[in-house]
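Undergrad: Right, I'll just put the structure down here and ask away after.
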2 protein chains.
Amino acid sequence: MKSFFITTAFLFIGCIVFAQQRPPVISSPDVNADGSVTFRYYSRTAQAVVLKGEFLSAPLPFVKDTSGVWSVTAKDIKPDIYPYSFNVDNVELADPNNTYVFANERFKRSILDVPGKTPLVHSLQNVPHGKISYRYYNSATLGTTRQLLVYTPPGFNTNSKTKYPVLYLIHGGSDTEETWTKVGNANFIADNLIAQSKAVPMIIVMPYGNVRPKPMPDFTKDVINDIIPFIEANYPVYTDSKHRAIAGFSVGGGQTLNIGLTNTDKFAYVSSYAPFTATEEFQKNFANYSPDADKINQQLKLFTISVGTEDFLYEPVKKNIALFEEKKIKLKSYIVPGGHTWMNCKLFLATTLQEIFR
Amino acid sequence: MKSFFITTAFLFIGCIVFAQQRPPVISSPDVNADGSVTFRYYSRTAQAVVLKGEFLSAPLPFVKDTSGVWSVTAKDIKPDIYPYSFNVDNVELADPNNTYVFANERFKRSILDVPGKTPLVHSLQNVPHGKISYRYYNSATLGTTRQLLVYTPPGFNTNSKTKYPVLYLIHGGSDTEETWTKVGNANFIADNLIAQSKAVPMIIVMPYGNVRPKPMPDFTKDVINDIIPFIEANYPVYTDSKHRAIAGFSVGGGQTLNIGLTNTDKFAYVSSYAPFTATEEFQKNFANYSPDADKINQQLKLFTISVGTEDFLYEPVKKNIALFEEKKIKLKSYIVPGGHTWMNCKLFLATTLQEIFR
């Protein structure tokens, strides 16, 4: 009993400090032995608590016990990483007891990782691990110091005589420079594919793509004039187009098309995932697109566009694919099941990592 | 108008995907020119929205406008970094529009950074920056692979002939391995003090201290048997006690005392911030404490305990200080204003960094 009290006191010291009332010890989410997942939330005052998640076809109601602990168990979840949130009396929030938060500027959701019976391509596996480094670069374009994340592969060291190719990987519209690692597990995907020799050791640079008020043109300048020079000054990397790739999701997929296809002398690999292209910059670059297709096809070693058939951008993305095909730009398209989700993003990235720098 | 629509569409694409309703573009928190800070929250259904923050002596009510945007402006905030949250109809949540989230297992709060007129010791300044790397080590003690964060100073490279001293820095009770950087800005504090030659270039290792069900003894083993060997195998560091320091806050402050003072052959610097010591492990180590004070005083180059006079642990910490003084262990105590807060933590760390490895 004494030990129980001590454990309880230990767990909740953070809460004691802030609130006076001591909530019970609860755990959420718990992945159960049968693969179902139990979510919990503590409130004595709430009237209705509902679970929303990208693994659910409809929200699930929680049930309250006499101690004020609400819980619900979701079943038959396909192993994957999913965003979810709680809705408490019409207020949307992240699961207070879950450390893993969706890195985003406009909402706070939590991340559920349902492991597979055999490890998934994005799972932490018993293989050599690369590093994610949080770096700061000076953006002359934007007049500020910005954070970016850099994945270096297992065994990497700064003074290496080995040179590495570089993938520039851009997040979605209201995401941050952390979303590709925190939600997309980009580092584990790379670790696993490199361990299996399915991907070549590479550096992956994850910048912060949101630039206001001119997100598209200013970010293009930031990548070309500030980020690439920063990486090439600080890492042992190749500096020719055949060793540079760019990829991105959603708004970042649009940025990928804008940056990549207007700089085919700099990027030989361009992979766009469910691109959002209803932007002035895309109009400017592609409304009257009259490319020298032969030249571009020679410069690009690979150009892919991926999208899910249930993606709300499916129709515009199909139009983009048609545009490039009509202009005779060689393009590989991946049309897969699923929506505008980070579940699909991970698969798109896993495909790209196996295709580039070969 | 068209441009406004495009910008709006751009900003909210993430939300469109998840929710059907498109909320207005709001920004929160906004630090105003006069140093006041405006917070905003969007809800058409909420009855009452209240701001709670460690810069407030009492919660502040929001006011709703006709478009469903709630706002409140807080004034006279002393420049610092503060945790805060919104309370919406009795539901506590992080600010949905703020990217910066308090890294914690039991609550989700946001982080407000009020800059000073002159840069603070924890601010991003125009100095050379170190790196934070997210690493994975195998814990034989715990039978799992765990994440830890490693700060390396500006100019560091893995193959350096220069060796570095190492500070092991532990978070509070329900915090995570990210709290010292995400809330404590430990990396910027180190960057700034190193730039001014007030601290020597060092490596700072931030492990995840929460181990269940036996947080104290198992974490001690993890540090000694797994974390230190991992660091010493992977970084150019000195391996004698004079180049090893340990520090921590709250539960991590208790762990610091447990680990540091029972391993004075391994750590010559022990700095404990507002330690929580109502634990079995502390009882085991210190209830019948009969140290060889002369030996320990020779081994320890510095032993400090810091606490704020409004800290809820002020009285027990004073008793700890008295215990060590009674046992003739040389100790420097820092009794300062303030509570059990990360505002104080940053100051404690800034002091430690200037004292160790000298």
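Numbering starts fresh at 1 for the residues of each chain in the structure tokens, the chains themselves are lettered A, B, ... in the order given, and ligands are numbered from 1 as they appear.
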Enumerate as a ChimeraX atom specification the residues belonging to chain A that approach chain B to within 7 Å, with only C-alpha atoms taken into account.

TA: /A:6,10-14,93,96-99,103-108,129,131-136,157-159,173-174,279

Undergrad: Give me the residues within 6 Å of stretch 73-83 of chain B as a list in words, counting only C-alpha atoms and dropping any in the same chain fewer than 6 places off.

TA: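 Here the answer would be Ser36, Val37, Thr38, Gly53, Glu54, Ser110, Ile111, Leu112, Asp113, Val114, Pro115 and Gly116 of chain B.
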
Undergrad: Write down as a PyMOL selection string the residues of stretch 41-145 of chain A whose backbone DSSP state falls under strand (DSSP E).

TA: chain A and resi 41-42+49-53+60-61+63-64+69-74+80-88+91-93+110-114+131-139+144-145

Undergrad: Return chain A as a compact mmCIF listing (two decimals) with C-alpha atoms, in the first residue's frame, after superposing it on chain B by a least-squares fit that covers all C-alpha atoms paired in order.

TA:
```txt
# COMPACT_ATOMS: atom_id res chain seq x y z
CA MET A 1 -9.72 38.70 -52.79
CA LYS A 2 -8.60 35.77 -54.85
CA SER A 3 -5.28 35.89 -53.07
CA PHE A 4 -7.06 35.96 -49.72
CA PHE A 5 -9.04 32.89 -50.64
CA ILE A 6 -5.94 31.08 -51.76
CA THR A 7 -4.12 31.93 -48.56
CA THR A 8 -7.06 30.80 -46.50
CA ALA A 9 -7.37 27.57 -48.42
CA PHE A 10 -3.67 27.04 -48.00
CA LEU A 11 -3.65 27.57 -44.29
CA PHE A 12 -6.54 25.32 -43.62
CA ILE A 13 -6.04 22.46 -45.94
CA GLY A 14 -5.08 20.28 -42.96
CA CYS A 15 -8.33 21.11 -41.22
CA ILE A 16 -10.51 20.68 -44.25
CA VAL A 17 -9.31 17.15 -44.51
CA PHE A 18 -10.29 16.25 -41.00
CA ALA A 19 -13.35 18.35 -40.27
CA GLN A 20 -15.98 19.50 -42.67
CA GLN A 21 -16.46 22.96 -41.19
CA ARG A 22 -13.83 25.50 -42.09
CA PRO A 23 -12.82 27.60 -39.10
CA PRO A 24 -11.60 31.17 -39.59
CA VAL A 25 -7.87 31.90 -39.75
CA ILE A 26 -6.76 32.79 -36.26
CA SER A 27 -3.36 33.24 -34.70
CA SER A 28 -2.51 32.36 -31.11
CA PRO A 29 -0.57 33.36 -29.14
CA ASP A 30 0.41 36.77 -30.52
CA VAL A 31 3.03 38.75 -28.62
CA ASN A 32 2.08 42.39 -29.21
CA ALA A 33 4.42 45.35 -29.60
CA ASP A 34 3.73 46.51 -26.03
CA GLY A 35 4.68 43.08 -24.62
CA SER A 36 1.11 42.02 -23.93
CA VAL A 37 0.02 38.69 -25.38
CA THR A 38 -3.26 37.91 -27.13
CA PHE A 39 -4.65 34.38 -27.09
CA ARG A 40 -7.42 33.19 -29.40
CA TYR A 41 -9.65 30.16 -29.65
CA TYR A 42 -12.42 29.36 -32.09
CA SER A 43 -15.69 27.81 -30.97
CA ARG A 44 -19.30 28.54 -31.82
CA THR A 45 -20.58 26.15 -29.14
CA ALA A 46 -18.43 26.89 -26.07
CA GLN A 47 -20.07 28.57 -23.07
CA ALA A 48 -16.94 29.75 -21.26
CA VAL A 49 -13.27 29.87 -22.20
CA VAL A 50 -10.61 30.63 -19.61
CA LEU A 51 -6.84 31.11 -19.88
CA LYS A 52 -4.59 29.43 -17.32
CA GLY A 53 -0.89 30.11 -17.33
CA GLU A 54 2.11 30.19 -15.07
CA PHE A 55 2.41 33.93 -15.83
CA LEU A 56 -1.02 34.60 -14.30
CA SER A 57 -1.97 34.88 -10.65
CA ALA A 58 -5.54 33.91 -11.55
CA PRO A 59 -7.27 32.50 -14.66
CA LEU A 60 -8.37 35.08 -17.26
CA PRO A 61 -11.73 34.82 -19.06
CA PHE A 62 -11.89 35.03 -22.86
CA VAL A 63 -14.49 37.13 -24.65
CA LYS A 64 -16.30 35.87 -27.76
CA ASP A 65 -16.90 37.91 -30.90
CA THR A 66 -19.78 37.39 -33.33
CA SER A 67 -17.72 35.07 -35.56
CA GLY A 68 -17.07 32.58 -32.77
CA VAL A 69 -13.52 33.75 -32.08
CA TRP A 70 -12.75 33.98 -28.37
CA SER A 71 -9.84 36.17 -27.31
CA VAL A 72 -8.10 37.54 -24.27
CA THR A 73 -5.03 39.73 -23.80
CA ALA A 74 -2.67 39.24 -20.87
CA LYS A 75 -0.53 42.18 -19.81
CA ASP A 76 2.62 42.86 -17.79
CA ILE A 77 4.17 39.48 -18.39
CA LYS A 78 7.80 39.24 -17.36
CA PRO A 79 9.83 38.02 -20.35
CA ASP A 80 10.27 34.24 -19.99
CA ILE A 81 8.96 30.92 -21.31
CA TYR A 82 5.74 29.80 -19.65
CA PRO A 83 3.38 26.81 -19.82
CA TYR A 84 -0.30 27.68 -20.34
CA SER A 85 -3.56 26.01 -21.26
CA PHE A 86 -7.11 26.82 -22.21
CA ASN A 87 -10.07 25.68 -20.18
CA VAL A 88 -13.13 25.37 -22.41
CA ASP A 89 -16.31 24.48 -20.54
CA ASN A 90 -14.21 22.67 -17.89
CA VAL A 91 -12.11 20.84 -20.47
CA GLU A 92 -8.38 21.53 -20.24
CA LEU A 93 -6.48 21.65 -23.53
CA ALA A 94 -3.42 22.95 -25.32
CA ASP A 95 -3.81 25.97 -27.61
CA PRO A 96 -4.77 24.34 -30.96
CA ASN A 97 -2.99 27.08 -32.94
CA ASN A 98 0.30 26.94 -31.09
CA THR A 99 2.91 24.52 -32.43
CA TYR A 100 4.86 24.51 -29.17
CA VAL A 101 3.56 21.83 -26.84
CA PHE A 102 4.85 21.01 -23.36
CA ALA A 103 6.41 17.55 -23.72
CA ASN A 104 4.63 15.56 -21.02
CA GLU A 105 2.95 12.22 -20.41
CA ARG A 106 0.02 13.37 -18.29
CA PHE A 107 -1.14 16.68 -19.70
CA LYS A 108 -1.00 18.71 -22.88
CA ARG A 109 -0.15 22.36 -22.39
CA SER A 110 1.28 24.99 -24.68
CA ILE A 111 4.42 27.07 -24.40
CA LEU A 112 4.48 30.88 -24.50
CA ASP A 113 7.79 32.58 -25.21
CA VAL A 114 7.79 36.26 -24.25
CA PRO A 115 11.06 37.72 -25.55
CA GLY A 116 12.96 40.31 -23.54
CA LYS A 117 14.09 43.69 -24.84
CA THR A 118 17.58 42.25 -24.64
CA PRO A 119 17.85 38.54 -25.41
CA LEU A 120 17.47 36.19 -22.45
CA VAL A 121 19.93 33.41 -21.67
CA HIS A 122 17.48 30.85 -23.11
CA SER A 123 16.67 32.80 -26.32
CA LEU A 124 17.68 31.83 -29.83
CA GLN A 125 20.49 34.32 -30.43
CA ASN A 126 22.80 35.04 -33.32
CA VAL A 127 25.59 32.77 -32.08
CA PRO A 128 26.94 29.44 -33.36
CA HIS A 129 24.42 26.70 -32.66
CA GLY A 130 24.95 23.21 -31.39
CA LYS A 131 22.81 20.30 -32.50
CA ILE A 132 20.22 18.22 -30.71
CA SER A 133 20.29 14.64 -31.93
CA TYR A 134 17.59 12.04 -31.31
CA ARG A 135 19.39 8.76 -30.67
CA TYR A 136 18.34 5.20 -29.87
CA TYR A 137 20.20 3.03 -27.39
CA ASN A 138 19.67 -0.51 -26.31
CA SER A 139 18.88 -0.74 -22.61
CA ALA A 140 19.89 -4.20 -21.38
CA THR A 141 18.56 -3.13 -17.97
CA LEU A 142 15.09 -2.48 -19.32
CA GLY A 143 15.13 -4.94 -22.22
CA THR A 144 14.14 -2.33 -24.77
CA THR A 145 15.39 0.31 -27.19
CA ARG A 146 14.94 3.81 -25.82
CA GLN A 147 15.21 7.28 -27.27
CA LEU A 148 17.48 9.90 -25.78
CA LEU A 149 18.50 13.39 -26.85
CA VAL A 150 22.11 14.48 -27.17
CA TYR A 151 23.21 18.11 -27.40
CA THR A 152 26.58 18.52 -29.08
CA PRO A 153 28.17 21.98 -28.99
CA PRO A 154 28.88 24.22 -32.01
CA GLY A 155 31.70 22.90 -34.17
CA PHE A 156 31.39 19.41 -32.75
CA ASN A 157 32.19 16.51 -35.00
CA THR A 158 32.12 12.82 -34.22
CA ASN A 159 35.74 12.15 -35.20
CA SER A 160 37.10 15.04 -33.24
CA LYS A 161 40.43 14.63 -31.48
CA THR A 162 39.04 17.05 -28.90
CA LYS A 163 37.33 15.24 -26.07
CA TYR A 164 34.30 16.66 -24.34
CA PRO A 165 32.91 16.48 -20.82
CA VAL A 166 29.33 15.22 -20.43
CA LEU A 167 26.36 16.46 -18.43
CA TYR A 168 23.54 13.95 -17.88
CA LEU A 169 20.37 16.03 -17.50
CA ILE A 170 17.10 14.52 -16.24
CA HIS A 171 13.55 15.86 -16.63
CA GLY A 172 10.71 16.01 -14.09
CA GLY A 173 8.20 13.35 -13.04
CA SER A 174 5.75 13.13 -15.93
CA ASP A 175 8.01 14.90 -18.43
CA THR A 176 9.83 13.23 -21.30
CA GLU A 177 13.31 13.23 -22.81
CA GLU A 178 12.20 16.26 -24.88
CA THR A 179 11.16 18.51 -22.00
CA TRP A 180 14.63 19.96 -21.32
CA THR A 181 14.83 21.17 -24.92
CA LYS A 182 11.17 21.87 -25.74
CA VAL A 183 10.37 23.69 -22.47
CA GLY A 184 13.79 24.31 -20.96
CA ASN A 185 15.64 25.48 -24.12
CA ALA A 186 18.69 23.68 -22.72
CA ASN A 187 20.38 23.81 -26.13
CA PHE A 188 20.03 27.58 -26.53
CA ILE A 189 21.18 28.16 -22.94
CA ALA A 190 24.29 26.10 -23.71
CA ASP A 191 24.83 27.82 -27.10
CA ASN A 192 24.64 31.27 -25.50
CA LEU A 193 26.86 30.53 -22.51
CA ILE A 194 29.45 28.76 -24.69
CA ALA A 195 29.46 31.75 -27.10
CA GLN A 196 30.24 34.03 -24.15
CA SER A 197 32.87 31.60 -22.81
CA LYS A 198 30.82 31.36 -19.65
CA ALA A 199 30.45 27.61 -20.12
CA VAL A 200 32.94 25.16 -21.61
CA PRO A 201 31.86 23.24 -24.71
CA MET A 202 30.19 20.07 -23.45
CA ILE A 203 27.86 17.30 -24.46
CA ILE A 204 24.49 17.23 -22.73
CA VAL A 205 22.64 13.92 -22.62
CA MET A 206 18.91 14.03 -21.94
CA PRO A 207 17.55 10.54 -21.27
CA TYR A 208 13.98 9.45 -20.59
CA GLY A 209 13.89 9.01 -16.82
CA ASN A 210 10.48 7.44 -16.36
CA VAL A 211 10.81 3.74 -15.72
CA ARG A 212 7.92 1.73 -14.36
CA PRO A 213 7.19 0.10 -12.05
CA LYS A 214 10.51 0.88 -10.28
CA PRO A 215 11.41 4.35 -11.44
CA MET A 216 14.35 4.98 -9.19
CA PRO A 217 16.54 1.86 -8.95
CA ASP A 218 15.99 0.72 -12.54
CA PHE A 219 16.75 4.14 -13.97
CA THR A 220 19.93 4.29 -11.91
CA LYS A 221 21.03 1.00 -13.50
CA ASP A 222 19.96 2.22 -16.93
CA VAL A 223 22.12 5.37 -16.60
CA ILE A 224 25.19 3.59 -15.21
CA ASN A 225 25.09 0.36 -17.26
CA ASP A 226 23.47 1.41 -20.52
CA ILE A 227 23.37 5.16 -21.16
CA ILE A 228 26.92 6.10 -20.09
CA PRO A 229 28.47 3.19 -22.06
CA PHE A 230 26.37 4.15 -25.13
CA ILE A 231 27.57 7.75 -24.98
CA GLU A 232 31.17 6.80 -24.35
CA ALA A 233 31.14 4.34 -27.26
CA ASN A 234 29.62 6.85 -29.68
CA TYR A 235 31.05 10.25 -28.75
CA PRO A 236 34.58 11.60 -28.21
CA VAL A 237 34.21 12.14 -24.47
CA TYR A 238 36.32 11.93 -21.34
CA THR A 239 35.46 8.93 -19.21
CA ASP A 240 36.64 10.01 -15.78
CA SER A 241 34.43 11.40 -13.04
CA LYS A 242 35.93 14.88 -13.31
CA HIS A 243 34.36 15.16 -16.75
CA ARG A 244 30.94 13.82 -15.83
CA ALA A 245 28.11 15.78 -14.28
CA ILE A 246 24.53 14.89 -13.43
CA ALA A 247 21.62 17.28 -12.91
CA GLY A 248 17.85 16.98 -12.83
CA PHE A 249 14.58 18.60 -11.84
CA SER A 250 11.86 17.44 -9.45
CA VAL A 251 11.60 13.63 -9.72
CA GLY A 252 14.72 13.97 -11.88
CA GLY A 253 16.27 15.99 -9.05
CA GLY A 254 15.61 13.05 -6.73
CA GLN A 255 17.09 10.69 -9.32
CA THR A 256 20.11 13.00 -9.51
CA LEU A 257 20.70 12.69 -5.76
CA ASN A 258 20.18 8.91 -5.86
CA ILE A 259 22.42 8.35 -8.86
CA GLY A 260 25.01 11.02 -8.18
CA LEU A 261 25.64 10.58 -4.47
CA THR A 262 25.77 6.77 -4.66
CA ASN A 263 28.25 7.01 -7.54
CA THR A 264 30.63 9.75 -6.51
CA ASP A 265 33.40 7.75 -8.18
CA LYS A 266 31.58 8.38 -11.49
CA PHE A 267 30.25 11.95 -11.15
CA ALA A 268 32.29 14.83 -9.77
CA TYR A 269 29.41 17.29 -10.27
CA VAL A 270 25.92 16.76 -8.88
CA SER A 271 23.23 19.45 -9.22
CA SER A 272 19.74 18.80 -8.00
CA TYR A 273 16.87 21.19 -8.77
CA ALA A 274 13.84 21.12 -6.44
CA PRO A 275 14.28 17.39 -5.85
CA PHE A 276 11.31 15.16 -5.11
CA THR A 277 12.66 12.64 -2.63
CA ALA A 278 9.58 10.97 -1.09
CA THR A 279 10.61 7.71 -2.74
CA GLU A 280 11.64 4.28 -1.53
CA GLU A 281 14.95 4.63 -3.32
CA PHE A 282 15.78 7.87 -1.52
CA GLN A 283 14.78 6.28 1.80
CA LYS A 284 16.98 3.28 1.05
CA ASN A 285 19.96 5.45 0.19
CA PHE A 286 19.61 8.26 2.71
CA ALA A 287 17.41 7.23 5.69
CA ASN A 288 20.45 5.83 7.49
CA TYR A 289 23.00 7.80 5.55
CA SER A 290 26.46 7.49 7.06
CA PRO A 291 28.82 8.68 4.38
CA ASP A 292 32.58 8.91 4.43
CA ALA A 293 32.30 12.68 4.11
CA ASP A 294 36.01 13.29 3.60
CA LYS A 295 36.15 10.87 0.71
CA ILE A 296 32.96 12.20 -0.90
CA ASN A 297 34.09 15.80 -0.50
CA GLN A 298 37.30 14.87 -2.29
CA GLN A 299 35.45 13.13 -5.10
CA LEU A 300 32.80 15.82 -5.62
CA LYS A 301 34.08 19.00 -7.19
CA LEU A 302 30.61 20.53 -6.86
CA PHE A 303 27.36 19.52 -5.22
CA THR A 304 24.43 21.93 -5.45
CA ILE A 305 20.77 21.89 -4.49
CA SER A 306 18.49 24.63 -5.83
CA VAL A 307 14.89 25.45 -4.92
CA GLY A 308 12.43 28.32 -5.00
CA THR A 309 10.90 29.65 -1.81
CA GLU A 310 7.39 29.22 -3.23
CA ASP A 311 8.09 25.68 -4.42
CA PHE A 312 5.65 23.19 -2.88
CA LEU A 313 8.75 21.10 -2.15
CA TYR A 314 10.56 23.95 -0.38
CA GLU A 315 10.27 22.45 3.12
CA PRO A 316 11.35 18.88 2.19
CA VAL A 317 14.19 20.28 0.08
CA LYS A 318 15.38 22.36 3.03
CA LYS A 319 15.37 19.14 5.07
CA ASN A 320 17.47 17.44 2.40
CA ILE A 321 19.94 20.31 2.48
CA ALA A 322 20.07 20.05 6.26
CA LEU A 323 20.65 16.29 6.03
CA PHE A 324 23.67 16.67 3.78
CA GLU A 325 25.05 19.54 5.83
CA GLU A 326 24.66 17.54 9.02
CA LYS A 327 26.60 14.69 7.41
CA LYS A 328 29.35 17.20 6.56
CA ILE A 329 28.92 16.80 2.81
CA LYS A 330 30.04 20.04 1.14
CA LEU A 331 27.06 21.56 -0.55
CA LYS A 332 26.18 24.83 -2.24
CA SER A 333 22.51 25.68 -1.94
CA TYR A 334 20.64 28.14 -4.11
CA ILE A 335 17.46 29.42 -2.50
CA VAL A 336 15.72 31.71 -4.98
CA PRO A 337 12.25 33.23 -5.45
CA GLY A 338 9.65 31.30 -7.43
CA GLY A 339 7.87 27.97 -7.47
CA HIS A 340 8.24 24.46 -8.86
CA THR A 341 8.52 25.77 -12.39
CA TRP A 342 10.44 25.41 -15.62
CA MET A 343 11.09 29.16 -15.44
CA ASN A 344 13.30 28.44 -12.43
CA CYS A 345 14.68 25.29 -14.06
CA LYS A 346 16.21 27.30 -16.86
CA LEU A 347 17.95 29.58 -14.38
CA PHE A 348 19.20 26.61 -12.36
CA LEU A 349 20.61 25.03 -15.50
CA ALA A 350 22.22 28.29 -16.63
CA THR A 351 23.96 28.47 -13.25
CA THR A 352 25.11 24.84 -13.38
CA LEU A 353 26.52 25.16 -16.90
CA GLN A 354 28.75 28.01 -15.70
CA GLU A 355 29.99 26.02 -12.70
CA ILE A 356 30.82 22.59 -14.04
CA PHE A 357 33.99 21.30 -15.73
CA ARG A 358 36.02 24.27 -14.51
```

Undergrad: Mind the document's chain letters and residue numbers, and return as a PyMOL selection string the residues of stretch 55-279 of chain A that DSSP labels helix (DSSP H, G or I).

TA: chain A and resi 179-182+186-195+215-234+241-243+251-261
